[in-house]
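J.: I am sharing my_file22.cif, which consists of mmCIF, C-alpha atoms:
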```cif
data_run
loop_
_atom_site.label_atom_id
_atom_site.label_comp_id
_atom_site.auth_asym_id
_atom_site.auth_seq_id
_atom_site.Cartn_x
_atom_site.Cartn_y
_atom_site.Cartn_z
CA MET K 931 293.36 253.88 -22.59
CA ILE K 932 294.25 250.54 -21.01
CA LEU K 933 297.82 249.22 -20.72
CA ARG K 934 298.78 245.58 -20.20
CA MET K 935 300.85 245.98 -17.04
CA ASP K 936 301.67 242.26 -17.04
CA SER K 937 303.11 242.64 -20.55
CA LEU K 938 305.15 245.71 -19.56
CA ILE K 939 306.56 243.89 -16.54
CA GLN K 940 307.53 240.96 -18.77
CA VAL K 941 309.46 243.36 -21.04
CA ILE K 942 311.34 244.74 -18.04
CA ALA K 943 312.05 241.21 -16.81
CA ARG K 944 313.45 240.24 -20.21
CA ALA K 945 315.67 243.33 -20.17
CA LEU K 946 316.91 242.41 -16.69
CA ASP K 947 317.66 238.92 -17.99
CA MET K 948 320.11 240.53 -20.41
CA VAL K 949 321.98 242.00 -17.45
CA GLU K 950 321.91 238.71 -15.53
CA ILE K 951 323.23 236.79 -18.53
CA THR K 952 326.25 239.10 -18.62
CA PHE K 953 327.00 239.36 -14.90
CA LEU K 954 325.57 236.18 -13.36
CA GLY K 955 325.52 233.68 -16.20
CA VAL K 956 321.82 232.82 -15.97
CA THR K 957 320.15 231.35 -19.03
CA THR K 958 317.98 233.28 -21.46
CA ASN K 959 314.30 233.76 -20.43
CA HIS K 960 315.08 233.29 -16.73
CA GLY K 961 312.35 235.77 -15.73
CA LYS K 962 309.71 234.08 -17.86
CA ARG K 963 310.56 230.63 -16.53
CA ILE K 964 310.39 231.54 -12.87
CA ALA K 965 307.12 233.40 -13.51
CA VAL K 966 305.59 230.26 -15.03
CA LEU K 967 306.91 228.09 -12.19
CA CYS K 968 305.60 230.52 -9.58
CA ALA K 969 302.16 230.69 -11.20
CA ALA K 970 301.87 226.91 -11.24
CA MET K 971 303.12 226.56 -7.66
CA GLY K 972 300.84 229.32 -6.41
CA ARG K 973 297.79 227.72 -8.00
CA TYR K 974 298.75 224.31 -6.60
CA LEU K 975 298.98 225.84 -3.12
CA GLY K 976 295.50 227.34 -3.42
CA MET K 977 296.23 230.96 -4.24
CA SER K 978 293.42 232.95 -5.87
CA ASP K 979 293.85 234.51 -9.33
CA PRO K 980 294.56 237.99 -7.87
CA GLU K 981 297.12 236.46 -5.49
CA VAL K 982 298.76 234.58 -8.36
CA SER K 983 298.86 237.82 -10.38
CA ASP K 984 300.71 239.57 -7.53
CA LEU K 985 303.07 236.61 -7.08
CA VAL K 986 303.92 236.46 -10.80
CA SER K 987 304.54 240.22 -10.98
CA CYS K 988 306.91 240.02 -8.01
CA ALA K 989 308.63 237.01 -9.60
CA LEU K 990 309.20 238.96 -12.82
CA LEU K 991 310.44 241.98 -10.87
CA HIS K 992 312.43 240.08 -8.24
CA ASP K 993 315.75 241.39 -9.60
CA ASN K 994 314.59 244.92 -10.44
CA ALA K 995 317.41 246.32 -8.27
CA LEU K 996 320.10 244.32 -10.06
CA THR K 997 321.65 247.18 -12.03
CA GLU K 998 321.75 249.39 -8.94
CA TYR K 999 323.31 246.58 -6.91
CA ILE K 1000 325.99 245.98 -9.54
CA LEU K 1001 326.80 249.69 -9.60
CA LEU K 1002 327.07 249.69 -5.79
CA LYS K 1003 329.52 246.79 -5.94
CA GLU K 1004 331.64 248.51 -8.57
CA GLY K 1005 331.77 251.63 -6.44
CA ARG K 1006 333.17 249.85 -3.40
CA GLU K 1007 336.46 248.01 -3.04
CA GLU K 1008 336.68 246.72 0.52
CA ASP K 1009 333.15 247.14 1.82
CA ASP K 1010 331.08 245.24 -0.75
CA PRO K 1011 327.33 245.69 -0.37
CA ASP K 1012 325.59 242.66 1.04
CA ILE K 1013 323.03 240.94 -1.19
CA SER K 1014 320.42 242.08 1.33
CA GLU K 1015 320.76 245.60 -0.10
CA HIS K 1016 319.63 244.28 -3.47
CA CYS K 1017 316.61 242.67 -1.77
CA ILE K 1018 315.69 245.79 0.22
CA ILE K 1019 315.93 248.11 -2.80
CA GLY K 1020 313.97 245.66 -4.94
CA GLN K 1021 311.12 245.38 -2.43
CA ASN K 1022 310.88 249.15 -2.02
CA ASN K 1023 310.85 249.64 -5.79
CA ALA K 1024 308.10 247.09 -6.38
CA GLU K 1025 305.79 248.49 -3.73
CA ILE K 1026 304.92 251.50 -5.89
CA LEU K 1027 302.68 249.28 -8.04
CA PRO K 1028 298.96 248.91 -7.27
CA PHE K 1029 298.98 245.23 -6.33
CA ASN K 1030 295.76 243.38 -5.54
CA GLY K 1031 296.90 242.41 -2.06
CA ASN K 1032 299.82 242.43 0.34
CA ILE K 1033 303.22 241.62 -1.22
CA ASP K 1034 305.19 242.50 1.90
CA GLY K 1035 308.42 240.50 1.90
CA TYR K 1036 307.92 238.74 -1.44
CA ILE K 1037 311.01 240.32 -3.02
CA LEU K 1038 312.72 241.27 0.24
CA TYR K 1039 313.10 237.62 1.25
CA HIS K 1040 313.51 235.93 -2.15
CA HIS K 1041 317.07 234.83 -1.26
CA GLU K 1042 316.15 233.32 2.11
CA GLN K 1043 316.72 229.59 2.68
CA ALA K 1044 314.69 227.28 4.88
CA ASP K 1045 317.60 226.52 7.23
CA GLY K 1046 318.35 230.18 7.89
CA ARG K 1047 321.35 230.62 5.59
CA GLY K 1048 319.85 233.52 3.63
CA PRO K 1049 320.88 237.18 3.89
CA PHE K 1050 318.35 237.92 6.67
CA LYS K 1051 318.94 234.60 8.50
CA LEU K 1052 315.23 233.75 8.56
CA SER K 1053 314.20 230.10 8.79
CA GLU K 1054 311.29 228.22 7.25
CA GLY K 1055 307.99 229.69 8.41
CA GLN K 1056 309.48 233.11 9.21
CA TYR K 1057 309.04 234.60 5.74
CA PRO K 1058 305.91 234.70 3.55
CA LEU K 1059 304.71 232.00 1.18
CA GLY K 1060 305.21 234.27 -1.82
CA ALA K 1061 308.90 234.64 -0.96
CA GLU K 1062 309.22 230.88 -0.42
CA ILE K 1063 307.81 230.22 -3.91
CA ILE K 1064 309.94 232.85 -5.68
CA ALA K 1065 313.08 231.67 -3.86
CA ALA K 1066 312.47 228.08 -4.91
CA ALA K 1067 311.75 228.94 -8.56
CA ASP K 1068 314.72 231.31 -8.75
CA MET K 1069 317.16 228.75 -7.34
CA VAL K 1070 315.90 225.87 -9.49
CA ASP K 1071 316.27 227.90 -12.68
CA ALA K 1072 319.35 230.01 -11.88
CA GLU K 1073 321.40 227.36 -10.09
CA TRP K 1074 320.25 224.16 -11.78
CA GLN K 1075 319.30 225.67 -15.16
CA VAL K 1076 315.99 224.07 -16.00
CA GLU K 1077 316.28 225.10 -19.65
CA ARG K 1078 319.32 222.86 -20.07
CA THR K 1079 317.79 219.88 -18.27
CA SER K 1080 316.83 217.02 -20.58
CA ILE K 1081 313.78 214.83 -20.07
CA GLU K 1082 316.18 212.04 -19.11
CA GLY K 1083 317.78 214.35 -16.55
CA LEU K 1084 314.49 215.34 -14.90
CA PRO K 1085 314.57 212.55 -12.25
CA ASP K 1086 317.99 213.76 -11.10
CA LEU K 1087 316.72 217.34 -10.87
CA ARG K 1088 313.71 216.22 -8.85
CA ASN K 1089 316.00 214.28 -6.52
CA LYS K 1090 318.09 217.43 -6.01
CA ILE K 1091 314.96 219.36 -5.10
CA LYS K 1092 313.86 216.64 -2.63
CA SER K 1093 317.29 216.70 -1.00
CA GLN K 1094 317.04 220.44 -0.41
CA ILE K 1095 313.63 220.51 1.32
CA HIS K 1096 314.07 222.02 4.80
CA ARG K 1097 317.52 223.22 3.65
CA CYS K 1098 317.18 225.55 0.65
CA PHE K 1099 313.42 225.14 0.18
CA SER K 1100 310.56 225.23 2.62
CA LYS K 1101 308.49 222.04 2.74
CA ARG K 1102 305.45 223.61 1.07
CA ALA K 1103 307.46 225.32 -1.71
CA GLY K 1104 309.62 222.25 -2.31
CA ASN K 1105 306.64 219.89 -2.45
CA ALA K 1106 304.78 222.29 -4.75
CA MET K 1107 307.78 222.39 -7.08
CA LEU K 1108 307.93 218.60 -7.17
CA GLU K 1109 304.20 218.45 -7.91
CA ILE K 1110 304.27 220.84 -10.89
CA LEU K 1111 307.72 220.10 -12.38
CA ASP K 1112 306.82 217.14 -14.58
CA THR K 1113 307.81 216.34 -18.17
CA ASP K 1114 305.17 218.60 -19.70
CA MET K 1115 306.26 221.55 -17.55
CA LEU K 1116 309.93 220.94 -18.36
CA VAL K 1117 309.24 220.97 -22.10
CA SER K 1118 307.07 224.07 -21.80
CA LEU K 1119 309.98 225.96 -20.17
CA LYS K 1120 312.44 225.44 -23.03
CA ASN K 1121 313.44 228.64 -24.84
CA GLU K 1122 311.53 227.69 -27.97
CA ASN K 1123 308.30 227.17 -25.96
CA VAL K 1124 308.45 229.49 -22.96
CA THR K 1125 306.99 232.60 -24.62
CA GLU K 1126 303.88 230.68 -25.62
CA THR K 1127 303.74 229.14 -22.14
CA VAL K 1128 303.83 232.59 -20.54
CA CYS K 1129 300.97 233.82 -22.74
CA ARG K 1130 298.93 230.75 -21.88
CA SER K 1131 299.57 230.50 -18.15
CA LEU K 1132 300.10 233.98 -16.67
CA PRO K 1133 297.22 236.19 -15.49
CA VAL K 1134 296.39 239.38 -17.40
CA TRP K 1135 296.81 242.60 -15.43
CA ASN K 1136 295.27 245.67 -17.05
CA ILE K 1137 295.92 249.18 -15.77
CA ASP K 1138 294.40 252.48 -16.85
CA ILE K 1139 297.01 254.77 -18.37
CA HIS K 1140 295.90 257.48 -15.94
CA ASP K 1141 296.61 255.33 -12.87
CA PRO K 1142 298.74 257.40 -10.44
CA ALA K 1143 301.14 254.47 -10.02
CA LEU K 1144 302.20 254.55 -13.66
CA ILE K 1145 304.50 257.61 -13.47
CA PRO K 1146 306.58 256.35 -10.50
CA PHE K 1147 306.74 252.92 -12.14
CA ALA K 1148 308.01 254.46 -15.39
CA ALA K 1149 310.50 256.48 -13.31
CA LEU K 1150 311.68 253.19 -11.75
CA VAL K 1151 312.23 251.71 -15.21
CA SER K 1152 314.32 254.73 -16.18
CA ARG K 1153 316.43 254.31 -13.02
CA ILE K 1154 317.01 250.62 -13.80
CA ILE K 1155 318.33 251.65 -17.22
CA ASP K 1156 320.49 254.49 -15.89
CA TYR K 1157 322.08 252.28 -13.23
CA LYS K 1158 323.48 250.01 -15.96
CA SER K 1159 326.24 252.55 -16.56
CA LYS K 1160 328.02 254.82 -14.10
CA SER K 1161 328.52 257.36 -16.90
CA THR K 1162 324.82 257.92 -17.69
CA GLY K 1163 323.85 259.21 -14.25
CA ILE K 1164 320.19 260.22 -14.52
CA HIS K 1165 320.11 260.47 -18.32
CA THR K 1166 316.91 258.50 -18.91
CA GLN K 1167 315.12 259.98 -15.91
CA GLN K 1168 315.81 263.50 -17.12
CA ILE K 1169 314.71 262.75 -20.69
CA ALA K 1170 311.43 261.46 -19.28
CA ASN K 1171 310.98 264.53 -17.08
CA ARG K 1172 311.88 266.90 -19.92
CA SER K 1173 309.46 265.06 -22.21
CA TRP K 1174 306.68 265.76 -19.73
CA LEU K 1175 307.71 269.42 -19.59
CA MET K 1176 307.62 269.74 -23.38
CA SER K 1177 304.29 267.89 -23.53
CA GLU K 1178 302.84 270.47 -21.16
CA TYR K 1179 304.23 273.27 -23.34
CA TYR K 1180 302.43 271.78 -26.35
CA SER K 1181 299.20 271.41 -24.32
CA TYR K 1182 298.99 267.66 -24.85
CA ASP K 1183 296.09 265.93 -23.14
CA LEU K 1184 296.89 263.71 -20.16
CA THR K 1185 296.95 260.49 -22.17
CA GLU K 1186 299.51 261.78 -24.65
CA LYS K 1187 301.65 263.28 -21.88
CA ILE K 1188 301.81 259.90 -20.17
CA GLN K 1189 302.53 258.15 -23.47
CA MET K 1190 305.43 260.52 -24.10
CA TYR K 1191 306.72 259.98 -20.57
CA LEU K 1192 306.58 256.20 -21.01
CA ALA K 1193 308.31 256.40 -24.39
CA ALA K 1194 311.10 258.48 -22.85
CA ALA K 1195 311.44 256.17 -19.82
CA LEU K 1196 311.72 253.15 -22.13
CA HIS K 1197 313.74 254.64 -24.99
CA ASP K 1198 317.11 253.25 -23.85
CA ILE K 1199 315.93 249.93 -22.42
CA GLY K 1200 318.02 248.20 -25.10
CA LYS K 1201 321.17 249.53 -23.40
CA LEU K 1202 320.73 246.83 -20.77
CA ALA K 1203 322.01 244.42 -23.44
CA ILE K 1204 325.13 246.49 -24.18
CA PRO K 1205 328.42 245.58 -22.41
CA THR K 1206 329.26 248.03 -19.64
CA GLU K 1207 332.84 248.42 -20.86
CA VAL K 1208 331.50 249.86 -24.11
CA LEU K 1209 328.95 252.12 -22.40
CA ASP K 1210 331.56 253.46 -19.97
CA LYS K 1211 334.50 253.79 -22.34
CA PRO K 1212 336.00 257.22 -21.61
CA GLY K 1213 337.57 257.72 -25.04
CA LYS K 1214 336.32 257.63 -28.60
CA LEU K 1215 334.62 254.40 -29.67
CA ASN K 1216 336.15 252.40 -32.50
CA ASP K 1217 333.97 251.27 -35.42
CA GLU K 1218 333.09 247.92 -33.87
CA GLU K 1219 332.18 249.50 -30.51
CA TYR K 1220 330.07 252.13 -32.25
CA LYS K 1221 328.12 249.39 -34.02
CA ILE K 1222 327.56 247.69 -30.66
CA ILE K 1223 326.22 250.94 -29.20
CA GLN K 1224 323.93 251.43 -32.19
CA GLY K 1225 322.50 247.99 -31.50
CA HIS K 1226 320.73 249.27 -28.39
CA ILE K 1227 318.02 250.79 -30.60
CA VAL K 1228 317.39 247.46 -32.30
CA GLN K 1229 317.10 245.88 -28.85
CA THR K 1230 314.73 248.62 -27.68
CA ARG K 1231 312.40 248.11 -30.64
CA SER K 1232 312.56 244.33 -30.22
CA LEU K 1233 311.70 244.50 -26.53
CA LEU K 1234 308.88 247.02 -26.88
CA SER K 1235 307.38 245.20 -29.86
CA GLU K 1236 306.68 242.29 -27.52
CA MET K 1237 304.34 244.41 -25.42
CA GLU K 1238 300.68 244.62 -26.25
CA GLY K 1239 298.89 247.96 -26.32
CA LEU K 1240 301.82 250.38 -26.49
CA GLY K 1241 300.58 251.96 -29.71
CA PRO K 1242 302.83 254.82 -30.87
CA ILE K 1243 305.05 254.58 -27.77
CA THR K 1244 307.27 252.00 -29.45
CA GLU K 1245 307.89 254.27 -32.45
CA TRP K 1246 308.63 257.39 -30.40
CA ALA K 1247 311.05 255.44 -28.19
CA SER K 1248 312.77 253.62 -31.06
CA ASN K 1249 313.26 256.59 -33.39
CA HIS K 1250 315.29 258.80 -31.07
CA HIS K 1251 318.56 258.39 -33.03
CA GLU K 1252 317.00 258.90 -36.46
CA LYS K 1253 317.67 262.21 -38.29
CA LEU K 1254 315.55 264.22 -40.70
CA ASP K 1255 318.23 263.99 -43.41
CA GLY K 1256 318.48 260.19 -43.20
CA SER K 1257 321.87 260.20 -41.47
CA GLY K 1258 320.59 258.65 -38.22
CA TYR K 1259 320.36 255.02 -37.19
CA PRO K 1260 319.46 252.20 -37.25
CA LEU K 1261 316.83 252.46 -40.02
CA ARG K 1262 318.08 255.61 -41.80
CA LYS K 1263 314.62 257.16 -41.63
CA ASN K 1264 314.09 260.65 -43.02
CA ALA K 1265 311.71 263.55 -42.41
CA ALA K 1266 308.80 261.85 -44.17
CA ASP K 1267 309.13 258.83 -41.85
CA LEU K 1268 309.29 260.72 -38.56
CA ASP K 1269 306.19 262.09 -36.84
CA PHE K 1270 306.30 265.09 -34.54
CA ASN K 1271 306.75 263.16 -31.30
CA SER K 1272 309.57 261.07 -32.77
CA ARG K 1273 311.31 264.31 -33.72
CA LEU K 1274 310.61 265.75 -30.27
CA MET K 1275 312.06 262.68 -28.51
CA ALA K 1276 315.22 262.90 -30.64
CA CYS K 1277 315.71 266.58 -29.78
CA ILE K 1278 315.19 266.02 -26.06
CA ASP K 1279 317.62 263.09 -26.09
CA ILE K 1280 320.28 265.21 -27.79
CA TYR K 1281 319.67 268.11 -25.40
CA GLN K 1282 320.15 265.90 -22.34
CA ALA K 1283 323.17 264.03 -23.73
CA VAL K 1284 324.91 267.25 -24.74
CA SER K 1285 324.17 269.16 -21.55
CA GLU K 1286 324.95 266.51 -18.93
CA LYS K 1287 328.42 265.62 -17.71
CA ARG K 1288 329.97 262.65 -19.52
CA PRO K 1289 333.42 261.04 -19.39
CA TYR K 1290 334.29 262.82 -22.64
CA HIS K 1291 332.83 266.29 -21.91
CA THR K 1292 331.95 268.53 -18.99
CA GLN K 1293 328.46 269.69 -18.10
CA ARG K 1294 327.25 272.42 -20.47
CA THR K 1295 325.03 275.42 -19.88
CA HIS K 1296 321.73 275.84 -21.67
CA ASP K 1297 323.24 278.35 -24.11
CA GLU K 1298 326.18 276.07 -24.89
CA THR K 1299 323.79 273.18 -25.45
CA MET K 1300 321.49 275.22 -27.68
CA ALA K 1301 324.43 276.26 -29.88
CA ILE K 1302 324.96 272.57 -30.72
CA LEU K 1303 321.25 271.92 -31.31
CA ASN K 1304 320.91 275.01 -33.51
CA GLU K 1305 323.83 273.88 -35.64
CA MET K 1306 322.21 270.47 -36.09
CA ALA K 1307 318.91 272.13 -37.03
CA ASP K 1308 320.68 274.40 -39.54
CA ASN K 1309 322.24 271.30 -41.11
CA GLY K 1310 318.82 269.67 -41.56
CA LYS K 1311 319.32 266.92 -38.97
CA ILE K 1312 316.69 267.86 -36.38
CA ASP K 1313 313.48 269.88 -36.39
CA PRO K 1314 314.21 273.64 -36.16
CA LYS K 1315 310.80 274.54 -34.71
CA ILE K 1316 311.19 272.03 -31.89
CA VAL K 1317 314.70 273.33 -31.23
CA LYS K 1318 313.30 276.86 -30.84
CA ASP K 1319 310.61 275.59 -28.47
CA ILE K 1320 313.16 273.68 -26.39
CA ASP K 1321 315.19 276.89 -26.14
CA LYS K 1322 312.16 278.67 -24.62
CA VAL K 1323 311.17 275.90 -22.22
CA MET K 1324 314.57 274.69 -20.99
CA ALA K 1325 316.29 278.05 -20.49
CA GLU K 1326 315.23 278.26 -16.85
CA TRP K 1327 316.54 274.74 -16.21
CA SER K 1328 320.13 275.44 -17.26
CA GLN K 1329 322.38 272.96 -15.41
CA ARG K 1330 319.43 271.95 -13.22
CA ASP K 1331 317.48 268.69 -13.12
CA VAL K 1332 313.79 268.77 -14.01
CA ASP K 1333 311.51 267.32 -11.32
CA THR K 1334 309.60 264.08 -11.81
CA PRO K 1335 305.92 264.78 -12.55
CA SER K 1336 303.01 263.39 -10.57
CA LEU K 1337 299.42 262.57 -11.54
#
```
Spit out the file's structure as structure tokens when you get a sec.
T.:
Amino acid sequence: MILRMDSLIQVIARALDMVEITFLGVTTNHGKRIAVLCAAMGRYLGMSDPEVSDLVSCALLHDNALTEYILLKEGREEDDPDISEHCIIGQNNAEILPFNGNIDGYILYHHEQADGRGPFKLSEGQYPLGAEIIAAADMVDAEWQVERTSIEGLPDLRNKIKSQIHRCFSKRAGNAMLEILDTDMLVSLKNENVTETVCRSLPVWNIDIHDPALIPFAALVSRIIDYKSKSTGIHTQQIANRSWLMSEYYSYDLTEKIQMYLAAALHDIGKLAIPTEVLDKPGKLNDEEYKIIQGHIVQTRSLLSEMEGLGPITEWASNHHEKLDGSGYPLRKNAADLDFNSRLMACIDIYQAVSEKRPYHTQRTHDETMAILNEMADNGKIDPKIVKDIDKVMAEWSQRDVDTPSL
């Protein structure tokens, strides 16, 4: 089975955009726009298709450490983490992927400036071309908001770019930006056009579902989601690991085990669009807040539906709050609508949420957790056979984290 890695990375970039909109005020589709700009600049500067593919992937993932960085900042009062930490974490995270070539420094130095004012104080020529291109595209879109620039305003934007060559931008990145940022490019980057532009201009990157890099990449996605909220800890990571454990118990073949792991790693990606104050509220949610929380499933399905080749993964990930008796959300599905793996994902999600420490309850033992699951099964909400199987498999992991699998 082949997965479109470029499509998966775009989904993650769009989810990260949701975080950036909230915390940094960037415009919608920021990740897509800088990917298109980087692809055009890379091609203008003579990069090969594999090199452009690597550049675009790094551009889409350039802020993969954003949620972790925000959590670090919230955890410190006087000693705020420097933005370089965000760059270091992001580079380390990205390097797990099987890139075509060397991406050393592409994300690490994406906040450097040509005159040495960046976090690592490197000057033009001291950091790689890929980082120069990503830095230029990121600044032009995030700081000067290309999406909001009119055709009439394009000459002013180009003059700004010219004025910043050798200051913010290296000469080669700045000149490449001026070469590719014409009227047609500006129009193609507008929100109503950018999705089509991405499909037309970005390289396809296929990856076999059995590629050893896929599990650590999925684990990275789960960490990005978990870092959105200080109350969720390692919730998504543990659901993914427990899904693998249950898949082994059911003797799934390798493809289905990886599909289940991916579904679990992605199941809460919609939470990146939910305000942190709602996610971290220590007390009971009011009706409006509960509706906001429920919206994360709609966001998850919307995001995953954009990705080509996921197959049943989207359904298994998006059904994890549905119940057999129709009392779940958001679609009020019932037993006839829910396949076995959707039911399994729901049970694993409940097990993890009930057993882990939360602001509103302490960590529970396996037996305490199973008492809650058994009651739900008796009331017709979740699958009783799966509950019995979880009891067998998870007993030895009471109040212990399950290890991340490896291929």
J.: Measuring between only C-alpha atoms, which one of K:Ala1024, K:Ala965, K:Ile1320, K:Leu1274 shows the shortest distance to Leu1254 of chain K?
T.: K:Leu1274
J.: Hey, what's within 7 Å of segment 1231-1235 of chain K if we count only C-alpha atoms and toss same-chain stuff fewer than 5 positions away? As a list in words, please?
T.: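 So, after excluding close chain neighbours, the residues are Val941, Thr1244 and Ser1248 of chain K.
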J.: Can you turn the PyMOL selection byres ((chain K and resi 932) around 8) into a concrete residue list for this file, as a PDB file with C-alpha atoms, in the coordinates of the input?
T.:
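Written file, selection-v3.pdb:
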```pdb
ATOM      1  CA  MET K 931     293.360 253.880 -22.590  1.00  0.00           C
ATOM      2  CA  LEU K 933     297.820 249.220 -20.720  1.00  0.00           C
ATOM      3  CA  ARG K 934     298.780 245.580 -20.200  1.00  0.00           C
ATOM      4  CA  ASN K1136     295.270 245.670 -17.050  1.00  0.00           C
ATOM      5  CA  ILE K1137     295.920 249.180 -15.770  1.00  0.00           C
ATOM      6  CA  ASP K1138     294.400 252.480 -16.850  1.00  0.00           C
ATOM      7  CA  ILE K1139     297.010 254.770 -18.370  1.00  0.00           C
ATOM      8  CA  GLY K1239     298.890 247.960 -26.320  1.00  0.00           C
TER       9      GLY K1239
END
```
J.: For Thr1295 of chain K, which of K:Leu1111, K:Gly1256, K:Lys1187, K:Glu1326 is the closest residue, counting all atoms listed in the file?
T.: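 Result for the nearest residue to Thr1295 of chain K: K:Glu1326.
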J.: Please provide as a ChimeraX atom specification all residues within 9 Å of segment 1146-1152 of chain K, with the sequence filter that same-chain residues fewer than 2 positions apart are discarded (counting all atoms listed in the file).
T.: /K:942,994,1023-1024,1026-1027,1142-1144,1154-1157,1164-1168,1170-1171,1191-1192,1194-1199,1334-1336
J.: How would the residues just picked look written out with C-alpha atoms as an mmCIF file, keeping the file's coordinate frame?
T.:
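And here's again.cif as it stands now:
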```
data_model
loop_
_atom_site.group_PDB
_atom_site.id
_atom_site.type_symbol
_atom_site.label_atom_id
_atom_site.label_comp_id
_atom_site.auth_asym_id
_atom_site.auth_seq_id
_atom_site.Cartn_x
_atom_site.Cartn_y
_atom_site.Cartn_z
ATOM 1 C CA ILE K 942 311.340 244.740 -18.040
ATOM 2 C CA ASN K 994 314.590 244.920 -10.440
ATOM 3 C CA ASN K 1023 310.850 249.640 -5.790
ATOM 4 C CA ALA K 1024 308.100 247.090 -6.380
ATOM 5 C CA ILE K 1026 304.920 251.500 -5.890
ATOM 6 C CA LEU K 1027 302.680 249.280 -8.040
ATOM 7 C CA PRO K 1142 298.740 257.400 -10.440
ATOM 8 C CA ALA K 1143 301.140 254.470 -10.020
ATOM 9 C CA LEU K 1144 302.200 254.550 -13.660
ATOM 10 C CA ILE K 1154 317.010 250.620 -13.800
ATOM 11 C CA ILE K 1155 318.330 251.650 -17.220
ATOM 12 C CA ASP K 1156 320.490 254.490 -15.890
ATOM 13 C CA TYR K 1157 322.080 252.280 -13.230
ATOM 14 C CA ILE K 1164 320.190 260.220 -14.520
ATOM 15 C CA HIS K 1165 320.110 260.470 -18.320
ATOM 16 C CA THR K 1166 316.910 258.500 -18.910
ATOM 17 C CA GLN K 1167 315.120 259.980 -15.910
ATOM 18 C CA GLN K 1168 315.810 263.500 -17.120
ATOM 19 C CA ALA K 1170 311.430 261.460 -19.280
ATOM 20 C CA ASN K 1171 310.980 264.530 -17.080
ATOM 21 C CA TYR K 1191 306.720 259.980 -20.570
ATOM 22 C CA LEU K 1192 306.580 256.200 -21.010
ATOM 23 C CA ALA K 1194 311.100 258.480 -22.850
ATOM 24 C CA ALA K 1195 311.440 256.170 -19.820
ATOM 25 C CA LEU K 1196 311.720 253.150 -22.130
ATOM 26 C CA HIS K 1197 313.740 254.640 -24.990
ATOM 27 C CA ASP K 1198 317.110 253.250 -23.850
ATOM 28 C CA ILE K 1199 315.930 249.930 -22.420
ATOM 29 C CA THR K 1334 309.600 264.080 -11.810
ATOM 30 C CA PRO K 1335 305.920 264.780 -12.550
ATOM 31 C CA SER K 1336 303.010 263.390 -10.570
#
```
J.: Using all atoms listed in the file, which protein or nucleic acid residues come within 10 Å of Ala1265 of chain K? Drop anything in the same chain fewer than 4 positions from it, and give the result as a PyMOL selection string.
T.: chain K and resi 1252-1256+1269-1270+1273+1310-1313
J.: May I have the selected residues written with C-alpha atoms, as a PDB file, keeping the file's coordinate frame?
T.:
```
ATOM      1  CA  GLU K1252     317.000 258.900 -36.460  1.00  0.00           C
ATOM      2  CA  LYS K1253     317.670 262.210 -38.290  1.00  0.00           C
ATOM      3  CA  LEU K1254     315.550 264.220 -40.700  1.00  0.00           C
ATOM      4  CA  ASP K1255     318.230 263.990 -43.410  1.00  0.00           C
ATOM      5  CA  GLY K1256     318.480 260.190 -43.200  1.00  0.00           C
ATOM      6  CA  ASP K1269     306.190 262.090 -36.840  1.00  0.00           C
ATOM      7  CA  PHE K1270     306.300 265.090 -34.540  1.00  0.00           C
ATOM      8  CA  ARG K1273     311.310 264.310 -33.720  1.00  0.00           C
ATOM      9  CA  GLY K1310     318.820 269.670 -41.560  1.00  0.00           C
ATOM     10  CA  LYS K1311     319.320 266.920 -38.970  1.00  0.00           C
ATOM     11  CA  ILE K1312     316.690 267.860 -36.380  1.00  0.00           C
ATOM     12  CA  ASP K1313     313.480 269.880 -36.390  1.00  0.00           C
TER      13      ASP K1313
END
```
J.: Determine the nearest neighbour of Arg1330 of chain K from the options K:Met1306, K:Arg1153, K:Phe1029, K:His1296, counting only C-alpha atoms.
T.: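 Ranking K:Met1306, K:Arg1153, K:Phe1029, K:His1296 by distance to Arg1330 of chain K, first place goes to K:His1296.
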J.: Which residues would end up in the selection if the PyMOL selection byres ((chain K and resi 1127) around 10) were applied here, given that I need the answer as a list of chain:residue names?
T.: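 This file gives the following for the PyMOL selection byres ((chain K and resi 1127) around 10): K:Lys962, K:Arg963, K:Val966, K:Met1115, K:Val1117, K:Ser1118, K:Leu1119, K:Lys1120, K:Glu1122, K:Asn1123, K:Val1124, K:Thr1125, K:Glu1126, K:Val1128, K:Cys1129, K:Arg1130, K:Ser1131, K:Leu1132.
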J.: Work out how far atom CA of Gly1200 of chain K is from atom CA of Thr1230 of chain K, in Å to one decimal.
T.: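 Going from atom CA of Thr1230 of chain K over to atom CA of Gly1200 of chain K, I get 4.2 Å.
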J.: Give me the residues within 9 Å of segment 1092-1106 of chain K as a PyMOL selection string, counting all atoms listed in the file and dropping any in the same chain fewer than 6 places off.
T.: chain K and resi 970-972+974-975+1042-1048+1053-1055+1059+1062-1067+1069
J.: Give me the residues within 9 Å of Tyr1290 of chain K as an mmCIF file with C-alpha atoms, keeping the file's coordinate frame, counting all atoms listed in the file and dropping any in the same chain fewer than 5 places off.
T.:
```
data_model
loop_
_atom_site.group_PDB
_atom_site.id
_atom_site.type_symbol
_atom_site.label_atom_id
_atom_site.label_comp_id
_atom_site.auth_asym_id
_atom_site.auth_seq_id
_atom_site.Cartn_x
_atom_site.Cartn_y
_atom_site.Cartn_z
ATOM 1 C CA PRO K 1212 336.000 257.220 -21.610
ATOM 2 C CA GLY K 1213 337.570 257.720 -25.040
ATOM 3 C CA LYS K 1214 336.320 257.630 -28.600
#
```
J.: Rank K:Ser1161, K:Thr1292, K:Asn1030, K:Ser1257 by their smallest atom-to-atom distance to Glu1207 of chain K, using only C-alpha atoms, and report the top residue only.
T.: K:Ser1161
